[in-house]
Amino acid sequence: MLEVGSILDGKYKILNVIGRGGMSVVYLAINERANKTWAVKEVRKDGGNDRSVVSQNLLAETEMLKKLDHPNLPAIVDVIDQDDCFIIVMDYIEGNSLLDLLEERGRQEQDQVVEWAKQLCDVLGYLHTRQPPIIYRDVKPANVMLRPSGNIALVDFGTAREYKQTGEGDTAWLGTRGYAAPEQFGSMGQTDVRTDIYNLGATMFHLITGIVPAGQETFVHPIGEFIPGYAGSGLEKVILKCCRYHPRERYQSCAELMYALDHVHDIDAWEIRKRRAKLFVFGACMALSLVWAAAGFGFRCACAGTRGEMYRRNVSDAMDEPSFSKKTAYYLAAVTLEPGNPEAYNNLIDDVELEPELTDEVYNGVKACIDSRDADPAHRKTAIEFLRKEDPRAYADFNFRFGSLVYLGYPGGKGNAAREYLVNAIDSGGLEGNRLAAAVMMYELADAYRKKIKSDSTSRKKGIEIGEGCGQYWNTLEKLAGNLESLYAETGNIGYPVRVCDEVANELDRHTVSYQYAGISAERLRNTLLNVRSFMAEMSEKAQSLSPAAQEEIARVDHNVSLAEERLNSQDAGGTNGY
């Protein structure tokens, strides 16, 4: 055991003990030269029969954390292998655990619990999208630190594992009873992303009720049994779905759960409307049956309706609903009924195009619909994978349009997410001719942007003016800007080429000098801007026949183009520009 006051590895001074576990002790240490505090975790090697498991988990923890980079995760800076123990030096997370908070203040308010759950969804989603995916397997209040800023950090990766696509089961039971999912007790195959969703649901249960989940293997009670005000609430439904016994019945991804948490209050309102609708339908059916009986007709379940009628009703209700968040609830119901029918997907992407901007709410709503697995009893296929099989053209069209919208209007997905949808469109075989060419150009632009951002980041760290990816990005943007009419014709929507014009204008307004450092001549920059100006002049003439929102968007982009022209002119006149 390390001694308080001792110097570890010649640079870490041990200040005091801040935590203990069965096999480990955690100390607060300081690097006096750097004047920075660290957490030092000492794990003994005398683990008896469990020694191999503990060592494997420790090595897994250190190797995984070394590769991760997320604001809600601690970073490992040093690993020291001593004769009797392993020493891990990592970020010191200031604050207390959520378990400490529960013990001090009791159960927490819903809005706060939902906010913490969304942060955990974000960090778990990050882990699940690594290659291979990382399954944490021990989400619980004790492993969630609350920083003074109000943000949380997920700590202690001793039970985490990398998901093996061909694996049939886990090698050992690891987790915490009450929070652990049934599959963590063995005999149900290997743990996966849905295991973490179960753990998170049990953690929400503890936070909202103040009661430790039962130590049984398979059951989490409805929170309304402990707090009557939550009976039938949206949060109760979310927690219960997280904690279903069979993984296929839970949320299938953190994106699905995040969407549910974003709309937890809508679920409350949705249920109220649904109950009222059921009462109305029941009353109408009863009245109709009496009329028919009086007329000598048998009652034949006139109100039942067919699956196809239910599908069409949901699509129709989605089209009539002004709120996008509520639209997606109808579309989700529709694609669950008939996942291979293109109508709901076509209308959904039409509605997305009409939105003034692609917000997180809109993006996550679309993701919840197309990534839903509720239509597949085995939960092996997402809804849109059914569409790919039934109608490759509709599948390609949706991915092309959504991928382009994500690139042009959603900053969070401008690189990787946009590329994914555009690759789906190109590889599906459902695009031909000019439409395929437009999709390829959009993909090249998204890919070049990703490389530009990576290159720019490297350049800034090295103090270089501009990264190599900048020139490639402009080459691709220039190519697309020269085909604006084709993009308009192939998408059938003015928003796509107008947003390309906006991208050109913004790049020139902010990074003119940087592109010239990358070898792009002033003449090429000006010629591209002339193409954009010409197209925008044509769009301005047509604006009177468009919707007010489209007119406003054209005017905004036209103004940005004017600013870019001023920037080029000022540079020609000897002005200074840059980042």
# chains A, B, ... in the order shown; residues from 1 in each chain; ligands from 1
call {"tool": "select_by_dssp", "arguments": {"residues": "region 303-478 of chain A", "states": "helix (DSSP H, G or I)", "output": "MDAnalysis selection string"}}
result
chainID A and resid 307:320 324:337 342:354 360:370 383:390 392:409 411:413 416:427 433:462 469:478
call {"tool": "residues_around", "arguments": {"residues": "Ala29 (chain A)", "least_positions_apart": "5", "cutoff": "9 Å", "atoms": "only C-alpha atoms", "output": "list of chain:residue names"}}
result
A:Leu8, A:Tyr12, A:Lys13, A:Ile14, A:Leu15, A:Asn16, A:Lys36, A:Thr37, A:Trp38, A:Ala39, A:Val40, A:Val89, A:Tyr92
call {"tool": "write_last_selection", "arguments": {"atoms": "N, CA, C and O atoms", "output": "mmCIF file, in the first residue's frame"}}
result
data_model
loop_
_atom_site.group_PDB
_atom_site.id
_atom_site.type_symbol
_atom_site.label_atom_id
_atom_site.label_comp_id
_atom_site.auth_asym_id
_atom_site.auth_seq_id
_atom_site.Cartn_x
_atom_site.Cartn_y
_atom_site.Cartn_z
ATOM 1 N N LEU A 8 5.814 8.831 -5.818
ATOM 2 C CA LEU A 8 5.662 7.705 -6.734
ATOM 3 C C LEU A 8 6.327 8.022 -8.058
ATOM 4 O O LEU A 8 6.050 9.077 -8.658
ATOM 5 N N TYR A 12 4.996 11.828 -8.581
ATOM 6 C CA TYR A 12 3.636 11.941 -8.050
ATOM 7 C C TYR A 12 3.683 11.830 -6.522
ATOM 8 O O TYR A 12 3.983 10.757 -5.979
ATOM 9 N N LYS A 13 3.381 12.904 -5.828
ATOM 10 C CA LYS A 13 3.368 12.897 -4.371
ATOM 11 C C LYS A 13 1.981 12.484 -3.883
ATOM 12 O O LYS A 13 0.975 13.099 -4.239
ATOM 13 N N ILE A 14 1.922 11.421 -3.058
ATOM 14 C CA ILE A 14 0.653 10.904 -2.553
ATOM 15 C C ILE A 14 0.169 11.805 -1.424
ATOM 16 O O ILE A 14 0.859 11.990 -0.412
ATOM 17 N N LEU A 15 -1.053 12.363 -1.586
ATOM 18 C CA LEU A 15 -1.589 13.297 -0.601
ATOM 19 C C LEU A 15 -2.494 12.609 0.411
ATOM 20 O O LEU A 15 -2.348 12.797 1.612
ATOM 21 N N ASN A 16 -3.463 11.815 -0.060
ATOM 22 C CA ASN A 16 -4.369 11.116 0.856
ATOM 23 C C ASN A 16 -5.184 10.079 0.098
ATOM 24 O O ASN A 16 -5.210 10.063 -1.139
ATOM 25 N N LYS A 36 -0.279 20.014 -10.709
ATOM 26 C CA LYS A 36 -1.540 19.418 -11.137
ATOM 27 C C LYS A 36 -1.827 18.177 -10.316
ATOM 28 O O LYS A 36 -0.931 17.401 -10.010
ATOM 29 N N THR A 37 -3.108 18.025 -9.938
ATOM 30 C CA THR A 37 -3.501 16.859 -9.151
ATOM 31 C C THR A 37 -3.967 15.730 -10.060
ATOM 32 O O THR A 37 -4.523 15.964 -11.133
ATOM 33 N N TRP A 38 -3.736 14.491 -9.580
ATOM 34 C CA TRP A 38 -4.127 13.298 -10.319
ATOM 35 C C TRP A 38 -4.764 12.300 -9.361
ATOM 36 O O TRP A 38 -4.554 12.354 -8.141
ATOM 37 N N ALA A 39 -5.528 11.384 -9.914
ATOM 38 C CA ALA A 39 -6.016 10.241 -9.152
ATOM 39 C C ALA A 39 -5.088 9.067 -9.434
ATOM 40 O O ALA A 39 -4.782 8.775 -10.588
ATOM 41 N N VAL A 40 -4.614 8.407 -8.391
ATOM 42 C CA VAL A 40 -3.705 7.267 -8.526
ATOM 43 C C VAL A 40 -4.429 6.030 -8.010
ATOM 44 O O VAL A 40 -4.784 5.954 -6.822
ATOM 45 N N VAL A 89 -2.316 6.099 -13.202
ATOM 46 C CA VAL A 89 -2.437 7.535 -12.945
ATOM 47 C C VAL A 89 -3.406 8.104 -13.964
ATOM 48 O O VAL A 89 -3.210 7.950 -15.173
ATOM 49 N N TYR A 92 -7.907 13.444 -12.214
ATOM 50 C CA TYR A 92 -8.660 13.526 -10.969
ATOM 51 C C TYR A 92 -9.965 14.259 -11.252
ATOM 52 O O TYR A 92 -9.960 15.403 -11.708
#
call {"tool": "residues_around", "arguments": {"residues": "region 519-529 of chain A", "least_positions_apart": "3", "cutoff": "9 Å", "atoms": "only C-alpha atoms", "output": "list in words"}}
result
Gly471, Trp474, Asn475, Leu477, Glu478, Lys479, Ala481, Gly482, Cys501, Val504, Ala505, Leu508, Thr512, Ser514, Tyr515, Gln516, Val532, Arg533, Ser534, Val561, Ala564, Glu565, Leu568 and Asp572 of chain A
call {"tool": "write_last_selection", "arguments": {"atoms": "N, CA, C and O atoms", "output": "CSV table (one decimal), in the first residue's frame"}}
result
chain,number,residue,atom,x,y,z
A,471,GLY,N,-6.9,22.4,-49.1
A,471,GLY,CA,-6.9,22.5,-50.6
A,471,GLY,C,-7.8,21.5,-51.2
A,471,GLY,O,-8.6,21.8,-52.1
A,474,TRP,N,-11.5,22.6,-50.9
A,474,TRP,CA,-11.9,23.6,-51.8
A,474,TRP,C,-12.0,23.0,-53.2
A,474,TRP,O,-13.0,23.4,-53.9
A,475,ASN,N,-11.2,22.1,-53.6
A,475,ASN,CA,-11.3,21.5,-54.9
A,475,ASN,C,-12.7,20.8,-55.1
A,475,ASN,O,-13.3,20.9,-56.1
A,477,LEU,N,-15.4,21.4,-53.2
A,477,LEU,CA,-16.5,22.5,-53.1
A,477,LEU,C,-16.6,23.2,-54.4
A,477,LEU,O,-17.7,23.5,-54.9
A,478,GLU,N,-15.5,23.5,-55.0
A,478,GLU,CA,-15.5,24.2,-56.3
A,478,GLU,C,-16.2,23.4,-57.4
A,478,GLU,O,-17.0,23.9,-58.2
A,479,LYS,N,-16.0,22.1,-57.4
A,479,LYS,CA,-16.6,21.2,-58.3
A,479,LYS,C,-18.1,21.1,-58.2
A,479,LYS,O,-18.9,21.2,-59.1
A,481,ALA,N,-19.9,23.5,-56.7
A,481,ALA,CA,-20.5,24.8,-57.0
A,481,ALA,C,-20.6,25.0,-58.5
A,481,ALA,O,-21.4,25.9,-58.9
A,482,GLY,N,-19.9,24.3,-59.3
A,482,GLY,CA,-20.0,24.4,-60.7
A,482,GLY,C,-21.2,23.5,-61.3
A,482,GLY,O,-21.4,23.6,-62.5
A,501,CYS,N,-24.2,27.2,-51.9
A,501,CYS,CA,-23.8,28.6,-52.1
A,501,CYS,C,-23.4,29.2,-50.7
A,501,CYS,O,-22.4,29.9,-50.6
A,504,VAL,N,-19.9,28.0,-49.7
A,504,VAL,CA,-18.9,28.7,-50.4
A,504,VAL,C,-18.7,30.1,-49.8
A,504,VAL,O,-17.5,30.5,-49.6
A,505,ALA,N,-19.8,30.8,-49.6
A,505,ALA,CA,-19.7,32.2,-49.1
A,505,ALA,C,-19.1,32.2,-47.7
A,505,ALA,O,-18.2,33.1,-47.5
A,508,LEU,N,-15.3,31.5,-47.9
A,508,LEU,CA,-14.5,32.7,-48.5
A,508,LEU,C,-14.5,33.9,-47.5
A,508,LEU,O,-13.5,34.6,-47.4
A,512,THR,N,-10.3,33.0,-46.6
A,512,THR,CA,-9.7,33.3,-47.9
A,512,THR,C,-8.2,33.1,-48.0
A,512,THR,O,-7.7,32.5,-48.9
A,514,SER,N,-6.3,31.5,-46.0
A,514,SER,CA,-5.9,30.1,-45.7
A,514,SER,C,-6.0,29.3,-47.0
A,514,SER,O,-5.1,28.5,-47.3
A,515,TYR,N,-7.0,29.5,-47.8
A,515,TYR,CA,-7.1,28.7,-49.1
A,515,TYR,C,-6.0,29.1,-50.0
A,515,TYR,O,-5.4,28.3,-50.7
A,516,GLN,N,-5.6,30.4,-50.0
A,516,GLN,CA,-4.5,30.8,-50.9
A,516,GLN,C,-3.2,30.2,-50.4
A,516,GLN,O,-2.3,29.8,-51.2
A,532,VAL,N,-21.5,31.0,-58.0
A,532,VAL,CA,-22.5,31.1,-56.9
A,532,VAL,C,-23.4,32.4,-57.1
A,532,VAL,O,-24.6,32.3,-56.9
A,533,ARG,N,-22.8,33.5,-57.4
A,533,ARG,CA,-23.5,34.7,-57.6
A,533,ARG,C,-24.6,34.6,-58.7
A,533,ARG,O,-25.7,35.0,-58.6
A,534,SER,N,-24.1,34.0,-59.8
A,534,SER,CA,-25.0,33.8,-60.9
A,534,SER,C,-26.2,32.9,-60.6
A,534,SER,O,-27.4,33.2,-60.9
A,561,VAL,N,-23.2,35.9,-49.6
A,561,VAL,CA,-22.4,36.0,-50.8
A,561,VAL,C,-21.9,37.4,-51.0
A,561,VAL,O,-20.7,37.5,-51.4
A,564,ALA,N,-18.9,37.8,-48.8
A,564,ALA,CA,-17.7,37.1,-49.4
A,564,ALA,C,-17.1,37.9,-50.5
A,564,ALA,O,-15.8,38.0,-50.6
A,565,GLU,N,-17.9,38.6,-51.3
A,565,GLU,CA,-17.4,39.4,-52.4
A,565,GLU,C,-16.6,40.6,-51.8
A,565,GLU,O,-15.5,40.9,-52.3
A,568,LEU,N,-13.2,39.4,-50.7
A,568,LEU,CA,-12.2,39.2,-51.8
A,568,LEU,C,-11.8,40.5,-52.4
A,568,LEU,O,-10.6,40.7,-52.7
A,572,ASP,N,-7.9,42.1,-52.5
A,572,ASP,CA,-7.3,42.7,-53.7
A,572,ASP,C,-6.8,44.1,-53.5
A,572,ASP,O,-5.8,44.5,-54.1
call {"tool": "residues_around", "arguments": {"residues": "His128 (chain A)", "least_positions_apart": "2", "cutoff": "12 Å", "atoms": "only C-alpha atoms", "output": "ChimeraX atom specification"}}
result
/A:68,120-126,130-137,160-163,192-197,252-255
call {"tool": "residues_around", "arguments": {"residues": "Ala75 (chain A)", "least_positions_apart": "4", "cutoff": "8 Å", "atoms": "only C-alpha atoms", "output": "list of chain:residue names"}}
result
A:Leu65, A:Lys66, A:Leu68, A:Asp69, A:Met90, A:Asp91
call {"tool": "write_last_selection", "arguments": {"atoms": "N, CA, C and O atoms", "output": "tab-separated table (two decimals), in the first residue's frame"}}
result
chain	number	residue	atom	x	y	z
A	65	LEU	N	-9.09	3.04	-22.03
A	65	LEU	CA	-9.11	4.46	-21.69
A	65	LEU	C	-8.02	5.25	-22.41
A	65	LEU	O	-8.19	6.42	-22.71
A	66	LYS	N	-6.91	4.60	-22.71
A	66	LYS	CA	-5.84	5.28	-23.44
A	66	LYS	C	-6.32	5.73	-24.81
A	66	LYS	O	-5.85	6.73	-25.35
A	68	LEU	N	-9.48	6.53	-25.66
A	68	LEU	CA	-10.73	7.28	-25.65
A	68	LEU	C	-10.48	8.77	-25.46
A	68	LEU	O	-9.51	9.18	-24.82
A	69	ASP	N	-11.38	9.56	-26.00
A	69	ASP	CA	-11.28	11.02	-25.87
A	69	ASP	C	-12.70	11.57	-25.82
A	69	ASP	O	-13.33	11.79	-26.85
A	90	MET	N	-4.44	8.75	-13.47
A	90	MET	CA	-5.48	9.27	-14.37
A	90	MET	C	-5.96	10.63	-13.90
A	90	MET	O	-5.59	11.10	-12.81
A	91	ASP	N	-6.79	11.26	-14.75
A	91	ASP	CA	-7.38	12.54	-14.38
A	91	ASP	C	-8.08	12.44	-13.03
A	91	ASP	O	-8.79	11.46	-12.77
call {"tool": "closest_residue", "arguments": {"among": "A:Val500, A:Leu207, A:Leu99, A:Ala396", "to": "Ala117 (chain A)", "atoms": "only C-alpha atoms"}}
result
A:Leu207
call {"tool": "residues_around", "arguments": {"residues": "Arg419 (chain A)", "least_positions_apart": "3", "cutoff": "9 Å", "atoms": "only C-alpha atoms", "output": "list in words"}}
result
Gly403, Ser404, Tyr407, Gly413, Lys414, Gly415, Asn416, Leu422, Val423, Asn424, Met442, Tyr443, Glu444, Leu445, Ala446 and Asp447 of chain A
call {"tool": "write_last_selection", "arguments": {"atoms": "C-alpha atoms", "output": "short mmCIF file (atom, residue, chain, number, x, y, z; two decimals), in the first residue's frame"}}
result
data_model
loop_
_atom_site.label_atom_id
_atom_site.label_comp_id
_atom_site.auth_asym_id
_atom_site.auth_seq_id
_atom_site.Cartn_x
_atom_site.Cartn_y
_atom_site.Cartn_z
CA GLY A 403 -27.12 12.71 -46.04
CA SER A 404 -27.03 15.92 -48.08
CA TYR A 407 -23.89 17.76 -44.40
CA GLY A 413 -22.89 15.39 -38.51
CA LYS A 414 -21.12 17.33 -41.25
CA GLY A 415 -18.33 14.79 -41.59
CA ASN A 416 -18.88 11.22 -40.47
CA LEU A 422 -24.31 9.14 -48.69
CA VAL A 423 -22.33 5.89 -48.86
CA ASN A 424 -25.57 3.99 -48.23
CA MET A 442 -21.83 15.31 -51.97
CA TYR A 443 -20.00 12.31 -50.52
CA GLU A 444 -16.65 13.64 -51.75
CA LEU A 445 -17.43 17.00 -50.16
CA ALA A 446 -18.32 15.43 -46.79
CA ASP A 447 -15.21 13.25 -46.91
#
call {"tool": "closest_residue", "arguments": {"among": "A:Ala448, A:Ile239, A:Leu487, A:Met145", "to": "Phe535 (chain A)", "atoms": "only C-alpha atoms"}}
result
A:Leu487
call {"tool": "atom_distance", "arguments": {"atom1": "CA of Ile227 (chain A)", "atom2": "CA of Gly365 (chain A)"}}
result
29.9 Å
call {"tool": "closest_residue", "arguments": {"among": "A:Leu408, A:Ile211, A:Val352, A:Ala537", "to": "Asp502 (chain A)", "atoms": "only C-alpha atoms"}}
result
A:Leu408
